[in-house]
Amino acid sequence: MALSPAGHVTTPVLDIAYEHAGERDAPPVILLHGFPYNVRAFDDVSTALADRGAHVLAPYLRGFGPTRFRDRTTVRSGQQAALAQDLLDFMDALDIEGAVLAGYDWGGRAACITAALHPERVRGLVTVDGYNVQDLAHAGEPTAPEWERTYWYQYYFHSERGRLGLERNRDALCELLWRTWSPTWAGANAAFPASAASLHNPDFVDVVVHSYRHRFGLAEGDPRYQELEDLIAHEPPISVPTVVLESGDDGVGGPSAAEDRDCFTGPYTHRLLPGVGHNVPQEAPGAFTEAVASLLPPR
């Protein structure tokens, strides 16, 4: 059963659009996409999980697809605390007391923060590339040059030239990121058009630019999330059962996910995926499905 539109839910800040698959009274699994992707990344995964007895929900993040801000004066923030709060608000709006969370990139960040700060709401976690939480206190510290080279798009968005480039060339730029972040995925070009429309959300550029400026201390956060940012700054451990998936051929540089092992204090599994790039659920749906299914209750 593939994902199908389920409508939207109203939260304090957003009208969050989402898609779903499976029976609504089945154990919930929330799948969280990243930048610059959307819920199409989970089409194959959702079918497999629904067949295994899960109710799969895949929300569009703020700034993506049909999700909209409720108030034109709200800061179009892309900070990590905002993404995490959106996830909690989404669960509250649907009366989901607890769920398995699975995500990558921005979505993985929201899932990790929620698992760390609200373990009572998370029955299990699948996170691509480990403890996906930004250490803002050390954001100005340089890292290995070969990794820095792959972060060019982040530095690009720090400038007004980069903002304008994203506004004018968003499809070409984001397709380039798809290809370079997944260098061994032959299907990247063919898959991109199905997700491209989501990048034309009216708030997409503002949210993306704010995200990459805030994480480097170049933009103030939305004050409504400051208390949550303060909690995140302590880098709380994740105690829920967790499966960490590590891309073997990710085009975005960084340390091995195995180096985050001490950030997880509960049941933990680390799986390296050779030949898989940044967009793990779409490139390796079988591996992603198996990771999520291992956290579901027995049927």
# chains A, B, ... in the order shown; residues from 1 in each chain; ligands from 1
call {"tool": "select_by_dssp", "arguments": {"residues": "region 60-172 of chain A", "states": "strand (DSSP E or B)", "output": "PyMOL selection string"}}
result
chain A and resi 68-69+99-103+122-128
call {"tool": "write_last_selection", "arguments": {"atoms": "N, CA and C atoms", "output": "PDB file, in the first residue's frame"}}
result
ATOM      1  N   ARG A  68       1.902  24.572   5.294  1.00  0.00           N
ATOM      2  CA  ARG A  68       1.864  26.030   5.286  1.00  0.00           C
ATOM      3  C   ARG A  68       1.927  26.598   6.701  1.00  0.00           C
ATOM      4  N   PHE A  69       2.531  27.789   6.820  1.00  0.00           N
ATOM      5  CA  PHE A  69       2.478  28.540   8.064  1.00  0.00           C
ATOM      6  C   PHE A  69       1.085  29.155   8.203  1.00  0.00           C
ATOM      7  N   ALA A  99       5.258   6.562  19.006  1.00  0.00           N
ATOM      8  CA  ALA A  99       5.451   6.041  17.654  1.00  0.00           C
ATOM      9  C   ALA A  99       6.901   5.670  17.451  1.00  0.00           C
ATOM     10  N   VAL A 100       7.141   4.824  16.472  1.00  0.00           N
ATOM     11  CA  VAL A 100       8.493   4.626  15.967  1.00  0.00           C
ATOM     12  C   VAL A 100       8.791   5.787  15.023  1.00  0.00           C
ATOM     13  N   LEU A 101       9.927   6.444  15.232  1.00  0.00           N
ATOM     14  CA  LEU A 101      10.335   7.562  14.395  1.00  0.00           C
ATOM     15  C   LEU A 101      11.507   7.120  13.521  1.00  0.00           C
ATOM     16  N   ALA A 102      11.470   7.508  12.256  1.00  0.00           N
ATOM     17  CA  ALA A 102      12.558   7.155  11.343  1.00  0.00           C
ATOM     18  C   ALA A 102      12.783   8.305  10.381  1.00  0.00           C
ATOM     19  N   GLY A 103      14.030   8.769  10.295  1.00  0.00           N
ATOM     20  CA  GLY A 103      14.282   9.896   9.417  1.00  0.00           C
ATOM     21  C   GLY A 103      15.743  10.049   9.058  1.00  0.00           C
ATOM     22  N   VAL A 122       8.470   7.978  22.149  1.00  0.00           N
ATOM     23  CA  VAL A 122       9.187   7.320  21.042  1.00  0.00           C
ATOM     24  C   VAL A 122       9.409   5.846  21.377  1.00  0.00           C
ATOM     25  N   ARG A 123       8.815   4.968  20.603  1.00  0.00           N
ATOM     26  CA  ARG A 123       8.923   3.533  20.835  1.00  0.00           C
ATOM     27  C   ARG A 123      10.169   2.938  20.203  1.00  0.00           C
ATOM     28  N   GLY A 124      10.761   3.670  19.304  1.00  0.00           N
ATOM     29  CA  GLY A 124      11.995   3.245  18.663  1.00  0.00           C
ATOM     30  C   GLY A 124      12.421   4.314  17.675  1.00  0.00           C
ATOM     31  N   LEU A 125      13.708   4.321  17.342  1.00  0.00           N
ATOM     32  CA  LEU A 125      14.277   5.359  16.485  1.00  0.00           C
ATOM     33  C   LEU A 125      15.160   4.732  15.420  1.00  0.00           C
ATOM     34  N   VAL A 126      14.948   5.148  14.176  1.00  0.00           N
ATOM     35  CA  VAL A 126      15.889   4.852  13.091  1.00  0.00           C
ATOM     36  C   VAL A 126      16.458   6.187  12.631  1.00  0.00           C
ATOM     37  N   THR A 127      17.763   6.340  12.735  1.00  0.00           N
ATOM     38  CA  THR A 127      18.413   7.585  12.373  1.00  0.00           C
ATOM     39  C   THR A 127      19.570   7.303  11.423  1.00  0.00           C
ATOM     40  N   VAL A 128      19.578   8.032  10.326  1.00  0.00           N
ATOM     41  CA  VAL A 128      20.673   7.913   9.374  1.00  0.00           C
ATOM     42  C   VAL A 128      21.826   8.796   9.852  1.00  0.00           C
TER      43      VAL A 128
END
call {"tool": "select_by_dssp", "arguments": {"residues": "region 122-272 of chain A", "states": "alpha helix (DSSP H)", "output": "ChimeraX atom specification"}}
result
/A:145-148,152-157,160-181,188-196,204-214,226-232
call {"tool": "closest_atom_pairs", "arguments": {"of": "region 155-226 of chain A", "to": "region 251-262 of chain A", "cutoff": "6 Å", "atoms": "only C-alpha atoms", "output": "Markdown table"}}
result
| residue | atom | partner | partner_atom | distance |
| --- | --- | --- | --- | --- |
| A:Thr180 | CA | A:Gly251 | CA | 5.7 |
| A:Trp181 | CA | A:Gly251 | CA | 3.8 |
| A:Ser182 | CA | A:Gly251 | CA | 5.8 |
call {"tool": "write_last_selection", "arguments": {"atoms": "N, CA and C atoms", "output": "tab-separated table (two decimals), in the first residue's frame"}}
result
chain	number	residue	atom	x	y	z
A	180	THR	N	25.10	14.71	-6.38
A	180	THR	CA	26.41	14.69	-5.74
A	180	THR	C	26.37	14.06	-4.35
A	181	TRP	N	25.22	14.13	-3.70
A	181	TRP	CA	25.11	13.49	-2.38
A	181	TRP	C	24.89	11.99	-2.49
A	182	SER	N	24.45	11.54	-3.65
A	182	SER	CA	24.21	10.11	-3.87
A	182	SER	C	24.96	9.70	-5.14
call {"tool": "closest_atom_pairs", "arguments": {"of": "region 221-249 of chain A", "to": "region 292-298 of chain A", "cutoff": "12 Å", "atoms": "only C-alpha atoms", "output": "tab-separated table"}}
result
residue	atom	partner	partner_atom	distance
A:Val240	CA	A:Leu295	CA	10.2
A:Pro241	CA	A:Leu295	CA	7.4
A:Thr242	CA	A:Leu295	CA	8.1
A:Val243	CA	A:Val292	CA	8.0
A:Val244	CA	A:Val292	CA	10.5
A:Leu245	CA	A:Val292	CA	10.7
call {"tool": "write_last_selection", "arguments": {"atoms": "all heavy atoms", "output": "compact mmCIF listing (two decimals), in the first residue's frame"}}
result
# COMPACT_ATOMS: atom_id res chain seq x y z
N VAL A 240 16.11 5.49 23.88
CA VAL A 240 15.14 4.57 23.27
C VAL A 240 15.86 3.57 22.36
O VAL A 240 16.98 3.83 21.92
CB VAL A 240 14.08 5.34 22.47
CG1 VAL A 240 13.41 6.39 23.34
CG2 VAL A 240 14.68 5.98 21.22
N PRO A 241 15.25 2.42 22.09
CA PRO A 241 15.87 1.47 21.15
C PRO A 241 16.13 2.15 19.80
O PRO A 241 15.24 2.79 19.23
CB PRO A 241 14.82 0.37 21.03
CG PRO A 241 14.03 0.45 22.30
CD PRO A 241 13.99 1.90 22.66
N THR A 242 17.36 2.00 19.32
CA THR A 242 17.79 2.77 18.14
C THR A 242 18.52 1.89 17.14
O THR A 242 19.35 1.05 17.52
CB THR A 242 18.73 3.92 18.57
OG1 THR A 242 18.01 4.82 19.42
CG2 THR A 242 19.25 4.68 17.37
N VAL A 243 18.22 2.12 15.86
CA VAL A 243 19.01 1.55 14.77
C VAL A 243 19.64 2.73 14.03
O VAL A 243 18.93 3.61 13.53
CB VAL A 243 18.17 0.71 13.81
CG1 VAL A 243 19.04 0.19 12.66
CG2 VAL A 243 17.50 -0.44 14.54
N VAL A 244 20.96 2.75 13.97
CA VAL A 244 21.70 3.77 13.23
C VAL A 244 22.09 3.19 11.88
O VAL A 244 22.72 2.14 11.81
CB VAL A 244 22.95 4.22 14.00
CG1 VAL A 244 23.84 5.10 13.12
CG2 VAL A 244 22.57 4.96 15.27
N LEU A 245 21.71 3.87 10.81
CA LEU A 245 22.10 3.49 9.46
C LEU A 245 23.16 4.46 8.97
O LEU A 245 22.97 5.68 9.05
CB LEU A 245 20.89 3.52 8.52
CG LEU A 245 19.74 2.58 8.88
CD1 LEU A 245 18.59 2.76 7.90
CD2 LEU A 245 20.20 1.12 8.91
call {"tool": "closest_residue", "arguments": {"among": "A:Tyr37, A:Trp185, A:Tyr151, A:Tyr131", "to": "Leu199 (chain A)", "atoms": "only C-alpha atoms"}}
result
A:Tyr37
call {"tool": "atom_distance", "arguments": {"atom1": "CA of Glu229 (chain A)", "atom2": "CA of Pro12 (chain A)"}}
result
18.1 Å
call {"tool": "closest_residue", "arguments": {"among": "A:Gly140, A:Pro202, A:Gly22, A:Gly34", "to": "Arg72 (chain A)", "atoms": "only C-alpha atoms"}}
result
A:Pro202
call {"tool": "residues_around", "arguments": {"residues": "Arg40 (chain A)", "least_positions_apart": "3", "cutoff": "8 Å", "atoms": "only C-alpha atoms", "output": "list in words"}}
result
Tyr37, Asp43, Ala194 and Ser195 of chain A
call {"tool": "residues_around", "arguments": {"residues": "Thr289 (chain A)", "least_positions_apart": "2", "cutoff": "7 Å", "atoms": "only C-alpha atoms", "output": "list in words"}}
result
Val45, Ala48, Leu49, Pro285, Gly286, Ala287, Ala291, Val292 and Ala293 of chain A
call {"tool": "residues_around", "arguments": {"residues": "Gly217 (chain A)", "least_positions_apart": "3", "cutoff": "8 Å", "atoms": "only C-alpha atoms", "output": "count of residues only"}}
result
5
call {"tool": "residues_around", "arguments": {"residues": "Leu61 (chain A)", "least_positions_apart": "6", "cutoff": "10 Å", "atoms": "only C-alpha atoms", "output": "PDB file with all heavy atoms, in the first residue's frame"}}
result
ATOM      1  N   LEU A  14       1.640  25.649  12.244  1.00  0.00           N
ATOM      2  CA  LEU A  14       1.541  25.157  10.869  1.00  0.00           C
ATOM      3  C   LEU A  14       0.215  24.451  10.591  1.00  0.00           C
ATOM      4  O   LEU A  14      -0.448  23.952  11.512  1.00  0.00           O
ATOM      5  CB  LEU A  14       2.661  24.159  10.589  1.00  0.00           C
ATOM      6  CG  LEU A  14       4.104  24.613  10.726  1.00  0.00           C
ATOM      7  CD1 LEU A  14       5.034  23.409  10.619  1.00  0.00           C
ATOM      8  CD2 LEU A  14       4.462  25.661   9.675  1.00  0.00           C
ATOM      9  N   ILE A  16       0.050  21.202   8.752  1.00  0.00           N
ATOM     10  CA  ILE A  16       0.998  20.199   8.283  1.00  0.00           C
ATOM     11  C   ILE A  16       0.286  19.195   7.394  1.00  0.00           C
ATOM     12  O   ILE A  16      -0.621  18.475   7.836  1.00  0.00           O
ATOM     13  CB  ILE A  16       1.675  19.472   9.458  1.00  0.00           C
ATOM     14  CG1 ILE A  16       2.424  20.469  10.351  1.00  0.00           C
ATOM     15  CG2 ILE A  16       2.621  18.384   8.947  1.00  0.00           C
ATOM     16  CD1 ILE A  16       3.060  19.846  11.571  1.00  0.00           C
ATOM     17  N   ALA A  17       0.690  19.148   6.136  1.00  0.00           N
ATOM     18  CA  ALA A  17       0.172  18.145   5.205  1.00  0.00           C
ATOM     19  C   ALA A  17       0.935  16.839   5.412  1.00  0.00           C
ATOM     20  O   ALA A  17       2.134  16.845   5.713  1.00  0.00           O
ATOM     21  CB  ALA A  17       0.322  18.631   3.775  1.00  0.00           C
ATOM     22  N   TYR A  18       0.228  15.721   5.249  1.00  0.00           N
ATOM     23  CA  TYR A  18       0.909  14.439   5.398  1.00  0.00           C
ATOM     24  C   TYR A  18       0.240  13.387   4.530  1.00  0.00           C
ATOM     25  O   TYR A  18      -0.893  13.543   4.075  1.00  0.00           O
ATOM     26  CB  TYR A  18       0.954  14.006   6.860  1.00  0.00           C
ATOM     27  CG  TYR A  18      -0.362  13.558   7.460  1.00  0.00           C
ATOM     28  CD1 TYR A  18      -0.647  12.214   7.657  1.00  0.00           C
ATOM     29  CD2 TYR A  18      -1.329  14.487   7.853  1.00  0.00           C
ATOM     30  CE1 TYR A  18      -1.844  11.798   8.224  1.00  0.00           C
ATOM     31  CE2 TYR A  18      -2.525  14.088   8.423  1.00  0.00           C
ATOM     32  CZ  TYR A  18      -2.781  12.737   8.607  1.00  0.00           C
ATOM     33  OH  TYR A  18      -3.981  12.331   9.163  1.00  0.00           O
ATOM     34  N   LEU A  32      10.302  10.761   8.338  1.00  0.00           N
ATOM     35  CA  LEU A  32      10.636  12.184   8.272  1.00  0.00           C
ATOM     36  C   LEU A  32      11.738  12.427   7.245  1.00  0.00           C
ATOM     37  O   LEU A  32      12.867  11.959   7.397  1.00  0.00           O
ATOM     38  CB  LEU A  32      11.070  12.657   9.662  1.00  0.00           C
ATOM     39  CG  LEU A  32       9.943  12.514  10.699  1.00  0.00           C
ATOM     40  CD1 LEU A  32      10.518  12.201  12.075  1.00  0.00           C
ATOM     41  CD2 LEU A  32       9.088  13.755  10.741  1.00  0.00           C
ATOM     42  N   HIS A  33      11.377  13.177   6.210  1.00  0.00           N
ATOM     43  CA  HIS A  33      12.301  13.422   5.106  1.00  0.00           C
ATOM     44  C   HIS A  33      13.260  14.554   5.430  1.00  0.00           C
ATOM     45  O   HIS A  33      13.142  15.244   6.445  1.00  0.00           O
ATOM     46  CB  HIS A  33      11.521  13.732   3.827  1.00  0.00           C
ATOM     47  CG  HIS A  33      10.812  15.059   3.830  1.00  0.00           C
ATOM     48  ND1 HIS A  33      11.430  16.238   3.499  1.00  0.00           N
ATOM     49  CD2 HIS A  33       9.519  15.384   4.113  1.00  0.00           C
ATOM     50  CE1 HIS A  33      10.563  17.233   3.566  1.00  0.00           C
ATOM     51  NE2 HIS A  33       9.397  16.753   3.947  1.00  0.00           N
ATOM     52  N   GLY A  34      14.209  14.775   4.531  1.00  0.00           N
ATOM     53  CA  GLY A  34      15.203  15.818   4.724  1.00  0.00           C
ATOM     54  C   GLY A  34      15.156  16.858   3.630  1.00  0.00           C
ATOM     55  O   GLY A  34      14.209  16.938   2.842  1.00  0.00           O
ATOM     56  N   PHE A  35      16.183  17.673   3.570  1.00  0.00           N
ATOM     57  CA  PHE A  35      16.388  18.681   2.535  1.00  0.00           C
ATOM     58  C   PHE A  35      17.388  18.125   1.521  1.00  0.00           C
ATOM     59  O   PHE A  35      18.423  17.570   1.923  1.00  0.00           O
ATOM     60  CB  PHE A  35      16.960  19.961   3.148  1.00  0.00           C
ATOM     61  CG  PHE A  35      17.584  20.887   2.141  1.00  0.00           C
ATOM     62  CD1 PHE A  35      16.804  21.776   1.422  1.00  0.00           C
ATOM     63  CD2 PHE A  35      18.954  20.858   1.886  1.00  0.00           C
ATOM     64  CE1 PHE A  35      17.389  22.618   0.471  1.00  0.00           C
ATOM     65  CE2 PHE A  35      19.540  21.701   0.940  1.00  0.00           C
ATOM     66  CZ  PHE A  35      18.744  22.583   0.234  1.00  0.00           C
ATOM     67  N   TYR A  37      14.436  17.004  -0.157  1.00  0.00           N
ATOM     68  CA  TYR A  37      13.641  15.848  -0.547  1.00  0.00           C
ATOM     69  C   TYR A  37      12.182  16.057  -0.115  1.00  0.00           C
ATOM     70  O   TYR A  37      11.806  17.136   0.302  1.00  0.00           O
ATOM     71  CB  TYR A  37      14.225  14.581   0.086  1.00  0.00           C
ATOM     72  CG  TYR A  37      15.695  14.391  -0.185  1.00  0.00           C
ATOM     73  CD1 TYR A  37      16.662  14.774   0.753  1.00  0.00           C
ATOM     74  CD2 TYR A  37      16.135  13.849  -1.384  1.00  0.00           C
ATOM     75  CE1 TYR A  37      18.020  14.611   0.495  1.00  0.00           C
ATOM     76  CE2 TYR A  37      17.498  13.670  -1.647  1.00  0.00           C
ATOM     77  CZ  TYR A  37      18.430  14.062  -0.702  1.00  0.00           C
ATOM     78  OH  TYR A  37      19.777  13.896  -0.958  1.00  0.00           O
ATOM     79  N   ASN A  38      11.381  15.018  -0.214  1.00  0.00           N
ATOM     80  CA  ASN A  38      10.033  15.079   0.345  1.00  0.00           C
ATOM     81  C   ASN A  38       9.555  13.664   0.629  1.00  0.00           C
ATOM     82  O   ASN A  38      10.351  12.724   0.629  1.00  0.00           O
ATOM     83  CB  ASN A  38       9.088  15.867  -0.572  1.00  0.00           C
ATOM     84  CG  ASN A  38       8.592  15.080  -1.777  1.00  0.00           C
ATOM     85  OD1 ASN A  38       9.143  14.045  -2.138  1.00  0.00           O
ATOM     86  ND2 ASN A  38       7.547  15.569  -2.415  1.00  0.00           N
ATOM     87  N   VAL A  39       8.261  13.489   0.847  1.00  0.00           N
ATOM     88  CA  VAL A  39       7.751  12.192   1.293  1.00  0.00           C
ATOM     89  C   VAL A  39       7.857  11.103   0.225  1.00  0.00           C
ATOM     90  O   VAL A  39       7.723   9.914   0.548  1.00  0.00           O
ATOM     91  CB  VAL A  39       6.293  12.306   1.780  1.00  0.00           C
ATOM     92  CG1 VAL A  39       6.188  13.329   2.902  1.00  0.00           C
ATOM     93  CG2 VAL A  39       5.340  12.655   0.654  1.00  0.00           C
ATOM     94  N   THR A  67       2.528  21.841   3.121  1.00  0.00           N
ATOM     95  CA  THR A  67       2.554  22.375   4.488  1.00  0.00           C
ATOM     96  C   THR A  67       2.668  23.902   4.435  1.00  0.00           C
ATOM     97  O   THR A  67       3.449  24.435   3.658  1.00  0.00           O
ATOM     98  CB  THR A  67       3.716  21.766   5.284  1.00  0.00           C
ATOM     99  OG1 THR A  67       3.433  20.368   5.521  1.00  0.00           O
ATOM    100  CG2 THR A  67       3.922  22.458   6.622  1.00  0.00           C
ATOM    101  N   ARG A  68       1.902  24.572   5.294  1.00  0.00           N
ATOM    102  CA  ARG A  68       1.864  26.030   5.286  1.00  0.00           C
ATOM    103  C   ARG A  68       1.927  26.598   6.701  1.00  0.00           C
ATOM    104  O   ARG A  68       1.422  25.990   7.649  1.00  0.00           O
ATOM    105  CB  ARG A  68       0.569  26.540   4.625  1.00  0.00           C
ATOM    106  CG  ARG A  68       0.437  26.225   3.145  1.00  0.00           C
ATOM    107  CD  ARG A  68       1.431  27.011   2.310  1.00  0.00           C
ATOM    108  NE  ARG A  68       1.205  26.821   0.878  1.00  0.00           N
ATOM    109  CZ  ARG A  68       1.755  25.848   0.162  1.00  0.00           C
ATOM    110  NH1 ARG A  68       2.572  24.966   0.759  1.00  0.00           N
ATOM    111  NH2 ARG A  68       1.513  25.750  -1.124  1.00  0.00           N
ATOM    112  N   GLY A  78      14.158  27.677  10.180  1.00  0.00           N
ATOM    113  CA  GLY A  78      14.538  26.310   9.845  1.00  0.00           C
ATOM    114  C   GLY A  78      15.410  25.695  10.922  1.00  0.00           C
ATOM    115  O   GLY A  78      16.046  24.659  10.687  1.00  0.00           O
ATOM    116  N   LEU A  83      11.986  22.240  13.991  1.00  0.00           N
ATOM    117  CA  LEU A  83      11.652  20.961  13.362  1.00  0.00           C
ATOM    118  C   LEU A  83      11.206  19.946  14.401  1.00  0.00           C
ATOM    119  O   LEU A  83      10.254  19.181  14.177  1.00  0.00           O
ATOM    120  CB  LEU A  83      12.853  20.430  12.591  1.00  0.00           C
ATOM    121  CG  LEU A  83      13.406  21.326  11.474  1.00  0.00           C
ATOM    122  CD1 LEU A  83      14.667  20.700  10.891  1.00  0.00           C
ATOM    123  CD2 LEU A  83      12.366  21.562  10.397  1.00  0.00           C
ATOM    124  N   ASP A  86       7.735  20.879  15.683  1.00  0.00           N
ATOM    125  CA  ASP A  86       6.740  20.526  14.668  1.00  0.00           C
ATOM    126  C   ASP A  86       6.354  19.062  14.764  1.00  0.00           C
ATOM    127  O   ASP A  86       5.173  18.703  14.614  1.00  0.00           O
ATOM    128  CB  ASP A  86       7.281  20.802  13.264  1.00  0.00           C
ATOM    129  CG  ASP A  86       7.421  22.285  12.947  1.00  0.00           C
ATOM    130  OD1 ASP A  86       6.879  23.125  13.694  1.00  0.00           O
ATOM    131  OD2 ASP A  86       8.102  22.592  11.934  1.00  0.00           O
ATOM    132  N   LEU A  87       7.337  18.204  14.992  1.00  0.00           N
ATOM    133  CA  LEU A  87       7.063  16.769  15.097  1.00  0.00           C
ATOM    134  C   LEU A  87       6.183  16.481  16.310  1.00  0.00           C
ATOM    135  O   LEU A  87       5.192  15.737  16.211  1.00  0.00           O
ATOM    136  CB  LEU A  87       8.377  15.996  15.180  1.00  0.00           C
ATOM    137  CG  LEU A  87       8.275  14.497  15.458  1.00  0.00           C
ATOM    138  CD1 LEU A  87       7.369  13.799  14.463  1.00  0.00           C
ATOM    139  CD2 LEU A  87       9.671  13.870  15.458  1.00  0.00           C
ATOM    140  N   TRP A 106      17.304  16.557   7.735  1.00  0.00           N
ATOM    141  CA  TRP A 106      16.502  17.391   8.624  1.00  0.00           C
ATOM    142  C   TRP A 106      15.505  16.548   9.423  1.00  0.00           C
ATOM    143  O   TRP A 106      15.306  16.782  10.614  1.00  0.00           O
ATOM    144  CB  TRP A 106      15.733  18.429   7.817  1.00  0.00           C
ATOM    145  CG  TRP A 106      16.519  19.558   7.246  1.00  0.00           C
ATOM    146  CD1 TRP A 106      17.870  19.608   7.005  1.00  0.00           C
ATOM    147  CD2 TRP A 106      16.002  20.821   6.815  1.00  0.00           C
ATOM    148  NE1 TRP A 106      18.212  20.809   6.445  1.00  0.00           N
ATOM    149  CE2 TRP A 106      17.089  21.575   6.319  1.00  0.00           C
ATOM    150  CE3 TRP A 106      14.723  21.372   6.789  1.00  0.00           C
ATOM    151  CZ2 TRP A 106      16.916  22.863   5.812  1.00  0.00           C
ATOM    152  CZ3 TRP A 106      14.548  22.651   6.278  1.00  0.00           C
ATOM    153  CH2 TRP A 106      15.647  23.397   5.804  1.00  0.00           C
ATOM    154  N   GLY A 107      14.867  15.598   8.760  1.00  0.00           N
ATOM    155  CA  GLY A 107      13.895  14.765   9.450  1.00  0.00           C
ATOM    156  C   GLY A 107      14.519  13.897  10.516  1.00  0.00           C
ATOM    157  O   GLY A 107      13.938  13.684  11.588  1.00  0.00           O
ATOM    158  N   ALA A 110      14.992  16.055  13.638  1.00  0.00           N
ATOM    159  CA  ALA A 110      13.768  16.182  14.421  1.00  0.00           C
ATOM    160  C   ALA A 110      13.500  14.915  15.227  1.00  0.00           C
ATOM    161  O   ALA A 110      13.105  14.975  16.403  1.00  0.00           O
ATOM    162  CB  ALA A 110      12.590  16.478  13.500  1.00  0.00           C
ATOM    163  N   SER A 198       7.601  19.961  -4.508  1.00  0.00           N
ATOM    164  CA  SER A 198       7.577  20.316  -3.086  1.00  0.00           C
ATOM    165  C   SER A 198       8.540  21.443  -2.752  1.00  0.00           C
ATOM    166  O   SER A 198       8.396  22.112  -1.724  1.00  0.00           O
ATOM    167  CB  SER A 198       7.921  19.095  -2.226  1.00  0.00           C
ATOM    168  OG  SER A 198       6.830  18.218  -2.162  1.00  0.00           O
ATOM    169  N   PHE A 204       9.793  27.875   1.150  1.00  0.00           N
ATOM    170  CA  PHE A 204      10.951  26.994   1.038  1.00  0.00           C
ATOM    171  C   PHE A 204      12.272  27.753   1.153  1.00  0.00           C
ATOM    172  O   PHE A 204      13.135  27.402   1.969  1.00  0.00           O
ATOM    173  CB  PHE A 204      10.895  26.235  -0.291  1.00  0.00           C
ATOM    174  CG  PHE A 204      12.084  25.374  -0.587  1.00  0.00           C
ATOM    175  CD1 PHE A 204      12.274  24.165   0.064  1.00  0.00           C
ATOM    176  CD2 PHE A 204      13.027  25.771  -1.528  1.00  0.00           C
ATOM    177  CE1 PHE A 204      13.378  23.369  -0.217  1.00  0.00           C
ATOM    178  CE2 PHE A 204      14.130  24.977  -1.820  1.00  0.00           C
ATOM    179  CZ  PHE A 204      14.301  23.776  -1.160  1.00  0.00           C
TER     180      PHE A 204
END
call {"tool": "atom_distance", "arguments": {"atom1": "CA of Val133 (chain A)", "atom2": "CA of Ser239 (chain A)"}}
result
14.7 Å
call {"tool": "closest_residue", "arguments": {"among": "A:Thr74, A:Ala50, A:Leu57, A:Leu31", "to": "Glu19 (chain A)", "atoms": "only C-alpha atoms"}}
result
A:Leu57
call {"tool": "residues_around", "arguments": {"residues": "Trp178 (chain A)", "least_positions_apart": "4", "cutoff": "9 Å", "atoms": "only C-alpha atoms", "output": "NGL selection string"}}
result
:A and (36-37 or 173-174 or 182-183 or 188-189 or 192 or 278-279)
call {"tool": "closest_residue", "arguments": {"among": "A:Val208, A:Ala41, A:Ala284, A:Leu177", "to": "Ala191 (chain A)", "atoms": "only C-alpha atoms"}}
result
A:Ala41
